[in-house]
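Working notes, beginning with the structure itself.
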Amino acid sequence: MHLTREEERIYDGETGWANQKCMQILVRLGELFDADKLIPIEWAHVSGVSYKTLGDYPIEYLEALAQAGAKVKVKTTLNPQSMDERYLGRKLPKALVSKQLSILEQFDKMNVERSLTCTPYYLHKTRLNSHLAWAESSATVYANSVLGARTNREGGPSALASAIIGKTPNCGVHVDEKRTPNVSVKVEAPLRNETQFGALGIHLGKIMGEKIPAIRGLKNPSRNALKQFGAGLATTGMTNMFHYNVPVQSKGLEEITVEAADIESTIESLTTSSSKPDLVFLGCPHCSANELKLIEHLTEDRKVKHGVEFWVCTSCHIAKKMRNTVRKIEKTGGHLLEGVCTVVSWTEKLGVKTIMTNSAKTAYYAPTLNKAQTILAPMKQCLKAAFEE
Ligand code: F3S
């Protein structure tokens with residue numbers, strides 16, 4: 001991989017340990033994936049924020065970077081954390097809360113924006129073909145496929161290295177030829193709600209691995225539906241992007257057909273319980289403004305059932321913009337958790353045994369990460385289970 005003179009100086013440690021470490025990470029990755037050079041990025045999005053999934057050693061690395069004076073060179077946002085200070089922070093053990101806060105402090109020192117969301121695309125607009133280094137898999141797929149930006153699926157450390165250097169290796173879907181579809185998918189199943197879109201993603205991710213699909217048969221999908229689809233796709237597969245309803249060359253490609261039975265059996269496999277949920281959760285990936293409005297509308301003047309927790313997750317940014325909606329949702333007895341990911345929070349420590357959600361991604365991870373049984377169903381059914389008649 002070609003390095004400029006300036007990049008070589010950084011690599012050799014002439015600008016300090018933190019820069020050198022980050023440059024080493026990027027060069028190693030570039031070599032692994034046949035990059036010819038590093039290219040400037042406009043925006044990095046860093047994952048690995050929750051103490052629950054991060055653990056102690058990575059905190060030492062973050063502390064070392066911050067102590068060495070590392071600062072991000074481009075706009076850099078953060079994935080969700082494990083708790084909010086208003087609600088979960090008061091219920092969880094103090095030791096966990098303080099570890100979580102110390103992680104955020106290290107990112108603060110590096111000038112990373114405390115966006116705490118897996119839907120950074122609701123914060124700022126991306127330009128067509130802009131180069132990014134995003135680490136949240138669902139956001140990566142959305143950026144490439146829906147927004148027309150370019151980002152590989154970074155890990156937390158490589159996204160942070162890119163943020164500090166301001167560059168990423170020129171490989172993968174940054175390169176035109178690597179964005180062409182290599183499998184053709186015909187969706188014959190009628191998709192009527194966000195949960196079915198998520199299930200389609202889970203189903204295809206399992207059979208496609210890293211391939212990029214050209215998908216036919218999605219009838220005017222909403223952006224929220226595409227968000228669920230991409231999140232599912234990235235959960236079970238390594239695909240970075242999909243093409244949908246656009247005339248891309250798909251002749252001669254391997255063909256996959258998805259039928260209604262595939263979607264039904266995927267939803268069934270992600271439902272492990274028939275008992276009543278003790279937590280009903282919406283907001284994976286984080287809710288958009290119009291999803292919050294819809295929840296407000298559907299729950300107006302209603303009350304959350306006794307013995308059920310109702311959580312809605314969104315970014316701090318959207319929650320701040322929609323204080324009135326947040327107030328109304330909380331008036332029902334529900335909790336609007338800003339900047340939190342339920343999957344990487346300690347629901348099991350709060351006694352949650354069964355989670356009901358409209359998100360196929362949450363239903364996929366919850367049995368292992370939350371040690372919970374799951375019920376996967378569309379938003380309206382979730383609300384029916386959470387609210388009094
Ligand atoms: Fe976001 Fe957590 Fe779901 S990071 S995509 S809410 S698993």
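By order of appearance in the structure tokens: chains A, B, ..., then residues from 1 within every chain, and ligands from 1 in the order shown.
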
When you look at range 280-297 of chain A with a cut-off of 6 Å (counting only C-alpha atoms), what residues show up, excluding the ones that are within fewer than 6 positions of it in the same chain? I need them as a PDB file with all heavy atoms, in the first residue's frame.
```pdb
ATOM      1  N   THR A 119     -28.152   5.121  14.730  1.00  0.00           N
ATOM      2  CA  THR A 119     -28.706   5.714  13.505  1.00  0.00           C
ATOM      3  C   THR A 119     -28.100   7.115  13.328  1.00  0.00           C
ATOM      4  O   THR A 119     -28.819   8.122  13.355  1.00  0.00           O
ATOM      5  CB  THR A 119     -30.247   5.812  13.586  1.00  0.00           C
ATOM      6  OG1 THR A 119     -30.595   6.480  14.816  1.00  0.00           O
ATOM      7  CG2 THR A 119     -30.912   4.456  13.573  1.00  0.00           C
ATOM      8  N   PHE A 310     -42.138  -0.840  29.415  1.00  0.00           N
ATOM      9  CA  PHE A 310     -42.218  -0.452  28.006  1.00  0.00           C
ATOM     10  C   PHE A 310     -41.091   0.544  27.721  1.00  0.00           C
ATOM     11  O   PHE A 310     -41.062   1.619  28.308  1.00  0.00           O
ATOM     12  CB  PHE A 310     -43.587   0.179  27.706  1.00  0.00           C
ATOM     13  CG  PHE A 310     -43.711   0.713  26.305  1.00  0.00           C
ATOM     14  CD1 PHE A 310     -43.478  -0.100  25.199  1.00  0.00           C
ATOM     15  CD2 PHE A 310     -44.056   2.045  26.080  1.00  0.00           C
ATOM     16  CE1 PHE A 310     -43.589   0.396  23.907  1.00  0.00           C
ATOM     17  CE2 PHE A 310     -44.182   2.544  24.791  1.00  0.00           C
ATOM     18  CZ  PHE A 310     -43.944   1.715  23.713  1.00  0.00           C
ATOM     19  N   TRP A 311     -40.146   0.137  26.879  1.00  0.00           N
ATOM     20  CA  TRP A 311     -38.994   0.984  26.567  1.00  0.00           C
ATOM     21  C   TRP A 311     -38.993   1.355  25.086  1.00  0.00           C
ATOM     22  O   TRP A 311     -39.267   0.510  24.232  1.00  0.00           O
ATOM     23  CB  TRP A 311     -37.672   0.257  26.828  1.00  0.00           C
ATOM     24  CG  TRP A 311     -37.393  -0.105  28.247  1.00  0.00           C
ATOM     25  CD1 TRP A 311     -38.173   0.124  29.350  1.00  0.00           C
ATOM     26  CD2 TRP A 311     -36.230  -0.807  28.709  1.00  0.00           C
ATOM     27  NE1 TRP A 311     -37.563  -0.375  30.470  1.00  0.00           N
ATOM     28  CE2 TRP A 311     -36.374  -0.952  30.110  1.00  0.00           C
ATOM     29  CE3 TRP A 311     -35.082  -1.315  28.081  1.00  0.00           C
ATOM     30  CZ2 TRP A 311     -35.396  -1.595  30.885  1.00  0.00           C
ATOM     31  CZ3 TRP A 311     -34.125  -1.954  28.857  1.00  0.00           C
ATOM     32  CH2 TRP A 311     -34.283  -2.080  30.242  1.00  0.00           C
ATOM     33  N   VAL A 312     -38.629   2.609  24.835  1.00  0.00           N
ATOM     34  CA  VAL A 312     -38.426   3.073  23.463  1.00  0.00           C
ATOM     35  C   VAL A 312     -37.036   3.692  23.413  1.00  0.00           C
ATOM     36  O   VAL A 312     -36.712   4.556  24.229  1.00  0.00           O
ATOM     37  CB  VAL A 312     -39.483   4.134  23.066  1.00  0.00           C
ATOM     38  CG1 VAL A 312     -39.240   4.621  21.644  1.00  0.00           C
ATOM     39  CG2 VAL A 312     -40.898   3.565  23.209  1.00  0.00           C
ATOM     40  N   CYS A 313     -36.210   3.249  22.480  1.00  0.00           N
ATOM     41  CA  CYS A 313     -34.846   3.792  22.384  1.00  0.00           C
ATOM     42  C   CYS A 313     -34.698   4.679  21.152  1.00  0.00           C
ATOM     43  O   CYS A 313     -35.150   4.337  20.059  1.00  0.00           O
ATOM     44  CB  CYS A 313     -33.819   2.665  22.306  1.00  0.00           C
ATOM     45  SG  CYS A 313     -33.617   1.811  23.871  1.00  0.00           S
ATOM     46  N   THR A 314     -34.040   5.803  21.361  1.00  0.00           N
ATOM     47  CA  THR A 314     -33.704   6.699  20.254  1.00  0.00           C
ATOM     48  C   THR A 314     -32.424   7.442  20.613  1.00  0.00           C
ATOM     49  O   THR A 314     -31.873   7.270  21.692  1.00  0.00           O
ATOM     50  CB  THR A 314     -34.871   7.663  19.945  1.00  0.00           C
ATOM     51  OG1 THR A 314     -34.594   8.336  18.715  1.00  0.00           O
ATOM     52  CG2 THR A 314     -35.054   8.708  21.034  1.00  0.00           C
ATOM     53  N   ILE A 329     -45.036  10.059  25.608  1.00  0.00           N
ATOM     54  CA  ILE A 329     -44.779   8.610  25.699  1.00  0.00           C
ATOM     55  C   ILE A 329     -44.525   8.236  27.160  1.00  0.00           C
ATOM     56  O   ILE A 329     -45.000   7.213  27.654  1.00  0.00           O
ATOM     57  CB  ILE A 329     -43.603   8.196  24.776  1.00  0.00           C
ATOM     58  CG1 ILE A 329     -44.003   8.384  23.305  1.00  0.00           C
ATOM     59  CG2 ILE A 329     -43.189   6.740  25.033  1.00  0.00           C
ATOM     60  CD1 ILE A 329     -42.900   8.159  22.290  1.00  0.00           C
ATOM     61  N   ILE A 355     -38.461 -10.732  26.420  1.00  0.00           N
ATOM     62  CA  ILE A 355     -38.499  -9.445  25.716  1.00  0.00           C
ATOM     63  C   ILE A 355     -39.368  -9.587  24.470  1.00  0.00           C
ATOM     64  O   ILE A 355     -39.147 -10.487  23.657  1.00  0.00           O
ATOM     65  CB  ILE A 355     -37.083  -9.003  25.287  1.00  0.00           C
ATOM     66  CG1 ILE A 355     -36.182  -8.827  26.521  1.00  0.00           C
ATOM     67  CG2 ILE A 355     -37.136  -7.710  24.471  1.00  0.00           C
ATOM     68  CD1 ILE A 355     -34.734  -8.463  26.200  1.00  0.00           C
ATOM     69  N   MET A 356     -40.310  -8.683  24.327  1.00  0.00           N
ATOM     70  CA  MET A 356     -41.099  -8.630  23.091  1.00  0.00           C
ATOM     71  C   MET A 356     -40.641  -7.408  22.307  1.00  0.00           C
ATOM     72  O   MET A 356     -40.472  -6.322  22.878  1.00  0.00           O
ATOM     73  CB  MET A 356     -42.583  -8.518  23.409  1.00  0.00           C
ATOM     74  CG  MET A 356     -43.454  -8.561  22.166  1.00  0.00           C
ATOM     75  SD  MET A 356     -45.195  -8.693  22.636  1.00  0.00           S
ATOM     76  CE  MET A 356     -45.943  -8.997  21.047  1.00  0.00           C
ATOM     77  N   THR A 357     -40.423  -7.564  21.019  1.00  0.00           N
ATOM     78  CA  THR A 357     -39.878  -6.479  20.211  1.00  0.00           C
ATOM     79  C   THR A 357     -40.349  -6.602  18.774  1.00  0.00           C
ATOM     80  O   THR A 357     -40.712  -7.697  18.333  1.00  0.00           O
ATOM     81  CB  THR A 357     -38.332  -6.508  20.268  1.00  0.00           C
ATOM     82  OG1 THR A 357     -37.812  -5.452  19.460  1.00  0.00           O
ATOM     83  CG2 THR A 357     -37.764  -7.819  19.753  1.00  0.00           C
ATOM     84  N   SER A 359     -38.160  -5.739  16.473  1.00  0.00           N
ATOM     85  CA  SER A 359     -36.875  -5.772  15.785  1.00  0.00           C
ATOM     86  C   SER A 359     -36.327  -7.191  15.675  1.00  0.00           C
ATOM     87  O   SER A 359     -36.032  -7.852  16.681  1.00  0.00           O
ATOM     88  CB  SER A 359     -35.875  -4.904  16.556  1.00  0.00           C
ATOM     89  OG  SER A 359     -34.550  -5.281  16.238  1.00  0.00           O
TER      90      SER A 359
END
```

Mind listing the residues within 10 Å of ligand 1, only C-alpha atoms and all ligand atoms counted, as a ChimeraX atom specification?
/A:47-50,79-82,116-119,136-139,227-228,230-232,234-235,281-287,312-315,339-345,359-366,369

Residue list (strand (DSSP E or B), DSSP) for range 147-330 of chain A, as an MDAnalysis selection string:
chainID A and resid 150 153 167:169 183:187 213:216 243:244 255:258 279:287 304 309:314

Can you work out which one of A:Lys109, A:Arg323, A:Lys328, A:Arg179 has the shortest atom-to-atom distance to Thr299 in chain A, counting only C-alpha atoms?
A:Lys328

Give me the residues within 12 Å of Gly156 in chain A as a ChimeraX atom specification, counting only C-alpha atoms and dropping any in the same chain fewer than 3 places off.
/A:22,25,44-50,53-54,58,61-62,76-79,133-137,153,159-163

Taking 5 positions as the minimum chain separation for residues in the same chain, which residues sit within 10 Å of Leu88 in chain A when counting only C-alpha atoms? Answer as a ChimeraX atom specification.
/A:82-83,93,97,335,337,340,345-347,350

Just write the chosen residues, C-alpha atoms, as a PDB file, in the first residue's frame.
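Okay, selection-v7.pdb is ready:
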```pdb
ATOM      1  CA  SER A  82     -25.595   0.433  28.071  1.00  0.00           C
ATOM      2  CA  MET A  83     -27.714   2.813  30.167  1.00  0.00           C
ATOM      3  CA  PRO A  93     -25.248  -1.380  40.214  1.00  0.00           C
ATOM      4  CA  VAL A  97     -22.574   2.839  35.942  1.00  0.00           C
ATOM      5  CA  HIS A 335     -39.577   4.941  29.331  1.00  0.00           C
ATOM      6  CA  LEU A 337     -34.201   5.768  26.822  1.00  0.00           C
ATOM      7  CA  VAL A 340     -29.210   3.370  24.996  1.00  0.00           C
ATOM      8  CA  SER A 345     -27.688  -3.109  28.533  1.00  0.00           C
ATOM      9  CA  TRP A 346     -28.039  -5.356  31.602  1.00  0.00           C
ATOM     10  CA  THR A 347     -31.726  -6.284  31.258  1.00  0.00           C
ATOM     11  CA  LEU A 350     -33.306  -5.967  36.135  1.00  0.00           C
TER      12      LEU A 350
END
```
